[in-house]
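Structure file my_file_1.txt (compact mmCIF, C-alpha atoms) follows.
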# COMPACT_ATOMS: atom_id res chain seq x y z
CA MET A 1 0.77 73.99 100.11
CA GLN A 2 -2.44 71.92 100.35
CA LYS A 3 -5.54 73.18 98.63
CA SER A 4 -8.43 73.80 101.01
CA HIS A 5 -10.98 73.60 98.19
CA PRO A 6 -11.20 71.34 95.11
CA VAL A 7 -10.87 74.39 92.86
CA PHE A 8 -9.33 77.25 94.84
CA SER A 9 -5.87 77.74 96.28
CA PRO A 10 -5.77 78.57 100.06
CA MET A 11 -5.82 82.27 99.20
CA ILE A 12 -6.90 83.95 95.98
CA GLN A 13 -5.21 86.76 94.07
CA GLY A 14 -7.71 89.47 93.19
CA TYR A 15 -7.14 91.49 90.05
CA TRP A 16 -9.83 94.17 90.38
CA ARG A 17 -7.17 96.90 90.73
CA MET A 18 -4.73 95.54 88.16
CA ALA A 19 -5.17 98.60 85.93
CA GLU A 20 -4.04 100.82 88.83
CA TRP A 21 -0.81 98.95 89.61
CA GLY A 22 1.27 100.81 87.04
CA MET A 23 2.93 97.66 85.69
CA ASN A 24 3.83 96.84 82.12
CA THR A 25 3.11 93.37 80.73
CA GLN A 26 6.55 92.02 81.69
CA GLN A 27 6.12 93.22 85.27
CA GLN A 28 2.62 91.75 85.42
CA HIS A 29 3.99 88.45 84.13
CA ALA A 30 6.63 88.44 86.86
CA PHE A 31 3.98 89.15 89.51
CA VAL A 32 1.78 86.28 88.32
CA LYS A 33 4.71 83.87 88.37
CA GLN A 34 5.69 85.02 91.85
CA HIS A 35 2.30 84.43 93.43
CA ILE A 36 2.01 81.06 91.68
CA GLU A 37 5.35 80.09 93.21
CA LEU A 38 3.97 81.13 96.60
CA GLY A 39 1.05 78.72 96.15
CA ILE A 40 -1.62 81.22 95.10
CA THR A 41 -2.89 79.75 91.86
CA THR A 42 -6.49 81.04 91.80
CA VAL A 43 -7.08 84.47 90.24
CA ASP A 44 -10.25 86.53 90.52
CA HIS A 45 -11.54 88.67 87.64
CA ALA A 46 -14.70 90.33 86.33
CA PRO A 47 -15.64 92.23 83.17
CA VAL A 48 -16.32 95.37 85.25
CA TYR A 49 -12.81 95.48 86.76
CA GLY A 50 -10.99 98.44 85.25
CA PRO A 51 -12.20 100.84 82.56
CA ASP A 52 -13.51 99.00 79.48
CA SER A 53 -12.73 95.60 81.09
CA ALA A 54 -9.05 96.58 81.27
CA CYS A 55 -8.08 94.07 83.97
CA GLU A 56 -9.22 91.04 81.99
CA ARG A 57 -7.52 92.43 78.88
CA MET A 58 -4.25 93.04 80.70
CA PHE A 59 -4.27 89.56 82.22
CA GLY A 60 -4.95 88.11 78.78
CA GLU A 61 -1.86 89.88 77.50
CA VAL A 62 0.16 88.15 80.22
CA LEU A 63 -1.19 84.77 79.10
CA ALA A 64 -0.44 85.65 75.47
CA LEU A 65 3.14 86.37 76.54
CA ASP A 66 3.45 83.06 78.41
CA SER A 67 0.78 80.48 77.58
CA SER A 68 2.34 77.97 79.98
CA LEU A 69 0.85 79.92 82.88
CA ARG A 70 -2.70 78.90 81.95
CA ASP A 71 -2.25 75.31 83.11
CA GLN A 72 -0.89 76.53 86.44
CA ILE A 73 -3.84 78.69 87.45
CA GLU A 74 -7.58 78.64 88.06
CA ILE A 75 -9.38 81.62 86.56
CA VAL A 76 -12.54 82.91 88.23
CA SER A 77 -14.58 85.51 86.40
CA LYS A 78 -18.09 86.86 86.60
CA CYS A 79 -20.99 88.22 84.62
CA GLY A 80 -24.16 90.21 85.07
CA ILE A 81 -23.21 93.83 85.84
CA TYR A 82 -23.72 96.35 83.05
CA ARG A 83 -22.68 100.00 83.04
CA GLY A 84 -25.43 102.24 81.72
CA GLU A 85 -24.63 104.36 78.69
CA GLY A 86 -25.95 107.84 78.08
CA LYS A 87 -29.04 108.32 80.25
CA GLN A 88 -29.15 104.66 81.26
CA VAL A 89 -28.59 103.58 84.85
CA ASN A 90 -26.29 100.70 85.76
CA PHE A 91 -28.23 97.44 85.77
CA TYR A 92 -27.97 93.68 86.17
CA ASP A 93 -28.78 91.10 83.50
CA SER A 94 -28.73 87.34 84.15
CA SER A 95 -30.63 86.34 81.02
CA LYS A 96 -29.29 83.38 79.08
CA ALA A 97 -28.20 85.53 76.14
CA ALA A 98 -26.38 87.97 78.42
CA ILE A 99 -24.54 85.22 80.30
CA LEU A 100 -23.41 83.46 77.11
CA LYS A 101 -22.27 86.71 75.51
CA SER A 102 -20.40 87.85 78.62
CA VAL A 103 -18.49 84.57 78.90
CA ASP A 104 -17.45 84.64 75.24
CA GLU A 105 -16.18 88.19 75.68
CA SER A 106 -14.27 87.31 78.86
CA LEU A 107 -12.66 84.30 77.19
CA GLU A 108 -11.47 86.51 74.33
CA ARG A 109 -10.11 89.19 76.66
CA LEU A 110 -8.41 86.63 78.92
CA ASN A 111 -6.90 84.74 75.97
CA THR A 112 -8.19 81.38 77.17
CA ASP A 113 -10.68 78.79 75.98
CA HIS A 114 -12.33 78.21 79.36
CA LEU A 115 -13.02 79.64 82.80
CA ASP A 116 -12.50 77.43 85.81
CA VAL A 117 -15.31 79.21 87.65
CA LEU A 118 -18.06 81.59 86.53
CA LEU A 119 -19.98 83.62 89.11
CA LEU A 120 -23.14 85.66 88.75
CA HIS A 121 -21.65 88.90 90.08
CA ARG A 122 -24.72 90.38 91.77
CA PRO A 123 -28.23 89.08 92.43
CA ASP A 124 -30.41 90.19 89.53
CA LEU A 125 -33.92 90.93 90.84
CA LEU A 126 -35.21 89.87 87.42
CA MET A 127 -33.26 86.60 87.35
CA ASP A 128 -35.15 83.74 85.74
CA ALA A 129 -33.47 80.77 87.41
CA ASP A 130 -34.41 78.43 84.57
CA GLU A 131 -32.74 80.74 82.02
CA ALA A 132 -29.59 81.12 84.09
CA ALA A 133 -29.41 77.37 84.63
CA SER A 134 -29.85 76.74 80.90
CA ALA A 135 -26.94 79.08 80.18
CA PHE A 136 -24.79 77.26 82.73
CA GLU A 137 -25.62 73.89 81.19
CA GLN A 138 -24.76 75.12 77.70
CA LEU A 139 -21.46 76.61 78.84
CA LYS A 140 -20.54 73.41 80.70
CA ALA A 141 -21.40 71.22 77.69
CA ALA A 142 -19.30 73.44 75.41
CA GLY A 143 -16.30 73.19 77.75
CA LYS A 144 -16.25 76.96 78.28
CA VAL A 145 -16.83 76.86 82.06
CA LYS A 146 -15.96 74.07 84.50
CA HIS A 147 -17.74 75.22 87.66
CA PHE A 148 -20.37 77.78 88.63
CA GLY A 149 -21.10 79.93 91.65
CA VAL A 150 -22.56 83.25 92.70
CA SER A 151 -21.42 86.46 94.33
CA ASN A 152 -23.24 88.58 96.92
CA PHE A 153 -26.30 86.29 96.92
CA THR A 154 -28.62 85.88 99.89
CA PRO A 155 -29.36 82.34 101.08
CA SER A 156 -32.78 82.35 99.38
CA GLN A 157 -31.31 83.60 96.09
CA PHE A 158 -28.61 80.93 96.30
CA ASP A 159 -31.21 78.22 96.97
CA LEU A 160 -33.41 79.38 94.11
CA LEU A 161 -30.64 79.06 91.54
CA GLN A 162 -29.37 75.81 93.03
CA SER A 163 -32.87 74.31 92.77
CA ARG A 164 -32.59 74.48 88.97
CA LEU A 165 -29.11 72.95 88.71
CA ASP A 166 -27.92 69.35 88.79
CA ALA A 167 -24.33 70.29 89.69
CA PRO A 168 -23.70 72.16 92.95
CA LEU A 169 -22.86 75.85 93.03
CA ILE A 170 -19.33 75.79 94.42
CA THR A 171 -19.13 79.20 96.11
CA ASN A 172 -20.77 82.46 97.09
CA GLN A 173 -18.28 85.33 96.97
CA VAL A 174 -19.27 87.72 99.75
CA GLU A 175 -17.81 90.60 101.75
CA ILE A 176 -16.31 89.37 105.02
CA ASN A 177 -14.36 91.63 107.37
CA PRO A 178 -14.51 92.85 110.98
CA VAL A 179 -16.31 96.03 109.89
CA ASN A 180 -19.13 94.51 107.82
CA LEU A 181 -20.52 91.59 109.83
CA GLN A 182 -23.69 91.16 107.76
CA VAL A 183 -23.00 87.67 106.41
CA THR A 184 -22.23 86.41 109.93
CA GLU A 185 -25.72 87.52 111.01
CA ASP A 186 -28.08 87.06 108.05
CA GLY A 187 -27.71 83.31 107.57
CA THR A 188 -25.35 83.47 104.58
CA LEU A 189 -22.42 81.74 106.24
CA ASP A 190 -24.73 79.37 108.13
CA GLN A 191 -26.23 78.18 104.85
CA LEU A 192 -22.84 77.75 103.19
CA GLN A 193 -21.51 75.78 106.14
CA GLN A 194 -24.66 73.62 106.12
CA GLN A 195 -24.15 72.82 102.44
CA ARG A 196 -20.35 72.54 102.75
CA VAL A 197 -19.92 75.30 100.18
CA GLN A 198 -16.76 77.31 100.75
CA PRO A 199 -17.25 81.09 100.36
CA MET A 200 -14.78 83.43 98.73
CA ALA A 201 -14.18 86.47 100.96
CA TRP A 202 -13.79 89.87 99.29
CA SER A 203 -12.73 93.14 100.96
CA CYS A 204 -11.22 91.40 103.98
CA LEU A 205 -9.43 94.64 104.87
CA ALA A 206 -12.64 96.67 104.49
CA GLY A 207 -11.33 98.60 101.50
CA GLY A 208 -8.51 100.05 103.60
CA ARG A 209 -10.86 101.72 106.10
CA LEU A 210 -9.26 99.75 108.93
CA PHE A 211 -6.05 101.69 108.31
CA THR A 212 -7.26 105.17 107.35
CA ASP A 213 -10.57 105.78 109.15
CA ASN A 214 -10.19 107.45 112.55
CA SER A 215 -13.72 106.84 113.75
CA GLU A 216 -14.28 105.41 117.22
CA GLN A 217 -15.08 101.98 115.79
CA MET A 218 -11.98 101.82 113.59
CA THR A 219 -9.75 103.03 116.40
CA ARG A 220 -11.10 100.31 118.70
CA LEU A 221 -10.54 97.72 116.00
CA ARG A 222 -6.97 98.83 115.23
CA ASP A 223 -6.05 98.82 118.92
CA THR A 224 -7.52 95.35 119.40
CA LEU A 225 -5.96 93.94 116.24
CA THR A 226 -2.57 95.36 117.30
CA ASP A 227 -2.84 93.74 120.74
CA ILE A 228 -3.75 90.37 119.24
CA ALA A 229 -0.97 90.63 116.65
CA ASP A 230 1.49 90.91 119.56
CA GLU A 231 -0.13 87.96 121.34
CA ILE A 232 0.02 85.55 118.40
CA GLY A 233 3.25 86.75 116.80
CA ALA A 234 1.66 88.23 113.68
CA ARG A 235 3.78 90.59 111.62
CA SER A 236 0.88 92.93 110.85
CA ILE A 237 -2.77 93.51 111.66
CA ASP A 238 -3.49 92.42 108.06
CA GLN A 239 -2.45 88.91 109.05
CA VAL A 240 -4.72 89.01 112.11
CA ILE A 241 -7.67 90.06 109.95
CA PHE A 242 -7.11 87.26 107.43
CA ALA A 243 -6.76 84.77 110.31
CA TRP A 244 -10.02 86.12 111.80
CA VAL A 245 -11.82 85.57 108.49
CA MET A 246 -10.42 82.06 108.03
CA LYS A 247 -11.37 80.95 111.57
CA MET A 248 -15.05 81.02 110.61
CA PRO A 249 -16.33 77.44 110.25
CA ALA A 250 -17.64 78.03 106.70
CA LYS A 251 -13.89 78.16 105.84
CA PRO A 252 -13.84 81.36 103.74
CA VAL A 253 -11.05 81.68 101.17
CA PRO A 254 -9.66 85.25 101.38
CA ILE A 255 -9.06 87.29 98.24
CA ILE A 256 -5.91 89.43 98.34
CA GLY A 257 -6.21 92.69 96.44
CA SER A 258 -2.63 93.97 96.54
CA GLY A 259 -0.30 94.08 93.55
CA ASN A 260 2.70 94.25 95.89
CA ILE A 261 4.25 90.79 96.12
CA GLU A 262 5.66 91.50 99.59
CA ARG A 263 2.16 92.23 100.88
CA VAL A 264 0.87 89.10 99.18
CA GLN A 265 3.61 87.05 100.85
CA SER A 266 2.78 88.67 104.19
CA ALA A 267 -0.92 87.82 103.79
CA LEU A 268 0.00 84.17 103.32
CA GLY A 269 1.56 84.23 106.79
CA ALA A 270 -1.99 84.25 108.17
CA LEU A 271 -2.28 80.59 107.15
CA GLU A 272 0.13 79.77 109.99
CA LEU A 273 -1.78 81.75 112.63
CA THR A 274 -4.58 80.57 114.90
CA LEU A 275 -6.87 82.76 116.99
CA THR A 276 -8.48 81.54 120.19
CA GLN A 277 -12.24 81.78 120.60
CA GLU A 278 -11.71 84.72 122.97
CA GLN A 279 -9.44 86.56 120.52
CA TRP A 280 -11.93 86.12 117.66
CA TYR A 281 -14.75 87.47 119.82
CA ARG A 282 -12.58 90.32 121.10
CA ILE A 283 -12.35 91.56 117.51
CA TRP A 284 -16.12 91.15 117.12
CA VAL A 285 -16.69 93.13 120.34
CA ALA A 286 -14.32 95.88 119.14
CA SER A 287 -16.35 96.19 115.95
CA LYS A 288 -19.74 96.15 117.68
CA GLY A 289 -18.81 98.35 120.59
CA HIS A 290 -20.51 96.00 123.06
CA GLY A 291 -20.03 92.52 124.45
CA VAL A 292 -22.06 89.39 123.79
CA ALA A 293 -25.21 88.89 125.84
Would you write out, as structure tokens, the structure that this file holds?
Amino acid sequence: MQKSHPVFSPMIQGYWRMAEWGMNTQQQHAFVKQHIELGITTVDHAPVYGPDSACERMFGEVLALDSSLRDQIEIVSKCGIYRGEGKQVNFYDSSKAAILKSVDESLERLNTDHLDVLLLHRPDLLMDADEAASAFEQLKAAGKVKHFGVSNFTPSQFDLLQSRLDAPLITNQVEINPVNLQVTEDGTLDQLQQQRVQPMAWSCLAGGRLFTDNSEQMTRLRDTLTDIADEIGARSIDQVIFAWVMKMPAKPVPIIGSGNIERVQSALGALELTLTQEQWYRIWVASKGHGVA
């Protein structure tokens, strides 16, 4: 399977629900090996995934069990979200000290000496771009992080941080699905396409709402996705959704959130599917509830 990005595999395995999968370390190890064999070598993590950073810790236990896996994967993790304690609110912190500390803690939990990609998880309204850039430079020089990106950034926030960096930010991880069309309308995907920066797409299945919500919008979408699945020979509407995301010219890389290897394998089937222009817009129309002008 050819990589569509110099760092990422064609789809990415998300581990934000790893603590909910009910697997022991041996079962987790088997799952990691299985998706590597399927060609999914990029894994997505963050310190806030699972209680007390459980998902990074659990993945680190898998790597401790089988260190040979580390050379077969690309690890993406993040920094910047902090859970308030006591009377504190949750907050963001992109200061240099916070970034450096977060990376060291992630490396320890993940049982590795480097991250392939570090993302600022959310745009910090108090971000000092010079401080963040200085942290990135120090981490790169120390060999602790190979590449840097952002997550959920607006185009102006992306440009601000990039203006302080010599190396390019390699991604913006954003929500892309037929329910939330924001990044198709606010310039985010336009900017990434302009700069040839490939986005990572989270929540492609809209957090499951496409399957459980019986609102008029979701019903329209399910009916349309089902019709198109029949037309293109897809095995599920999941595959149609992933194909819809990947048809966008910014070339988003979908993140798969399931811990079920059969569902992961099914998602990969979307790589063989192609939507026509009309089919892509039919899904857009089903979401909007009206046609194009």
* Asked: Within 7 Å of Gly257 of chain A, counting only C-alpha atoms, which residues qualify if same-chain residues fewer than 2 places away don't, as a list in words?
  -> Gln13, Gly14, Tyr15, Ile255 and Gly259 of chain A
* Asked: To one decimal place, how far is atom CA of Met218 of chain A from atom CA of Thr154 of chain A in Å?
  ->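 Answer for the atom CA of Met218 of chain A to atom CA of Thr154 of chain A separation: 26.8 Å.
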* To do: Considering only C-alpha atoms, state which residue in the set A:Ala293, A:Leu210, A:Ala250, A:Leu169 is at the smallest distance from Leu189 of chain A.
  =>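 Of A:Ala293, A:Leu210, A:Ala250, A:Leu169, the one nearest Leu189 of chain A is A:Ala250, counting only C-alpha atoms.
Across the structure, atom CA of Gly80 of chain A and atom CA of Gln138 of chain A are spaced 16.8 Å apart.
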* Identify, on the basis of all atoms listed in the file, every residue whose closest approach to Asp113 of chain A does not exceed 12 Å; exclude the query and any residue fewer than 6 positions from it along the same chain; express the result as a list in words. => Gly60, Leu63, Ser67, Arg70, Asp71, Ile75, Val103, Asp104, Glu105, Ser106, Leu107, Leu139, Ala142, Gly143, Lys144, Val145 and Lys146 of chain A
* **Close residues, Leu192 of chain A itself excluded, 12 Å, all atoms listed in the file, min 2 positions apart in chain, as an NGL selection string** => :A and (149-150 or 153-156 or 158-159 or 168-174 or 183-184 or 186-190 or 194-200 or 248-252)
Atoms kept (C-alpha atoms) for selection, written as a PDB file, keeping the file's coordinate frame:
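Generated output (again_10.pdb):
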ATOM      1  CA  GLY A 149     -21.100  79.930  91.650  1.00  0.00           C
ATOM      2  CA  VAL A 150     -22.560  83.250  92.700  1.00  0.00           C
ATOM      3  CA  PHE A 153     -26.300  86.290  96.920  1.00  0.00           C
ATOM      4  CA  THR A 154     -28.620  85.880  99.890  1.00  0.00           C
ATOM      5  CA  PRO A 155     -29.360  82.340 101.080  1.00  0.00           C
ATOM      6  CA  SER A 156     -32.780  82.350  99.380  1.00  0.00           C
ATOM      7  CA  PHE A 158     -28.610  80.930  96.300  1.00  0.00           C
ATOM      8  CA  ASP A 159     -31.210  78.220  96.970  1.00  0.00           C
ATOM      9  CA  PRO A 168     -23.700  72.160  92.950  1.00  0.00           C
ATOM     10  CA  LEU A 169     -22.860  75.850  93.030  1.00  0.00           C
ATOM     11  CA  ILE A 170     -19.330  75.790  94.420  1.00  0.00           C
ATOM     12  CA  THR A 171     -19.130  79.200  96.110  1.00  0.00           C
ATOM     13  CA  ASN A 172     -20.770  82.460  97.090  1.00  0.00           C
ATOM     14  CA  GLN A 173     -18.280  85.330  96.970  1.00  0.00           C
ATOM     15  CA  VAL A 174     -19.270  87.720  99.750  1.00  0.00           C
ATOM     16  CA  VAL A 183     -23.000  87.670 106.410  1.00  0.00           C
ATOM     17  CA  THR A 184     -22.230  86.410 109.930  1.00  0.00           C
ATOM     18  CA  ASP A 186     -28.080  87.060 108.050  1.00  0.00           C
ATOM     19  CA  GLY A 187     -27.710  83.310 107.570  1.00  0.00           C
ATOM     20  CA  THR A 188     -25.350  83.470 104.580  1.00  0.00           C
ATOM     21  CA  LEU A 189     -22.420  81.740 106.240  1.00  0.00           C
ATOM     22  CA  ASP A 190     -24.730  79.370 108.130  1.00  0.00           C
ATOM     23  CA  GLN A 194     -24.660  73.620 106.120  1.00  0.00           C
ATOM     24  CA  GLN A 195     -24.150  72.820 102.440  1.00  0.00           C
ATOM     25  CA  ARG A 196     -20.350  72.540 102.750  1.00  0.00           C
ATOM     26  CA  VAL A 197     -19.920  75.300 100.180  1.00  0.00           C
ATOM     27  CA  GLN A 198     -16.760  77.310 100.750  1.00  0.00           C
ATOM     28  CA  PRO A 199     -17.250  81.090 100.360  1.00  0.00           C
ATOM     29  CA  MET A 200     -14.780  83.430  98.730  1.00  0.00           C
ATOM     30  CA  MET A 248     -15.050  81.020 110.610  1.00  0.00           C
ATOM     31  CA  PRO A 249     -16.330  77.440 110.250  1.00  0.00           C
ATOM     32  CA  ALA A 250     -17.640  78.030 106.700  1.00  0.00           C
ATOM     33  CA  LYS A 251     -13.890  78.160 105.840  1.00  0.00           C
ATOM     34  CA  PRO A 252     -13.840  81.360 103.740  1.00  0.00           C
TER      35      PRO A 252
END
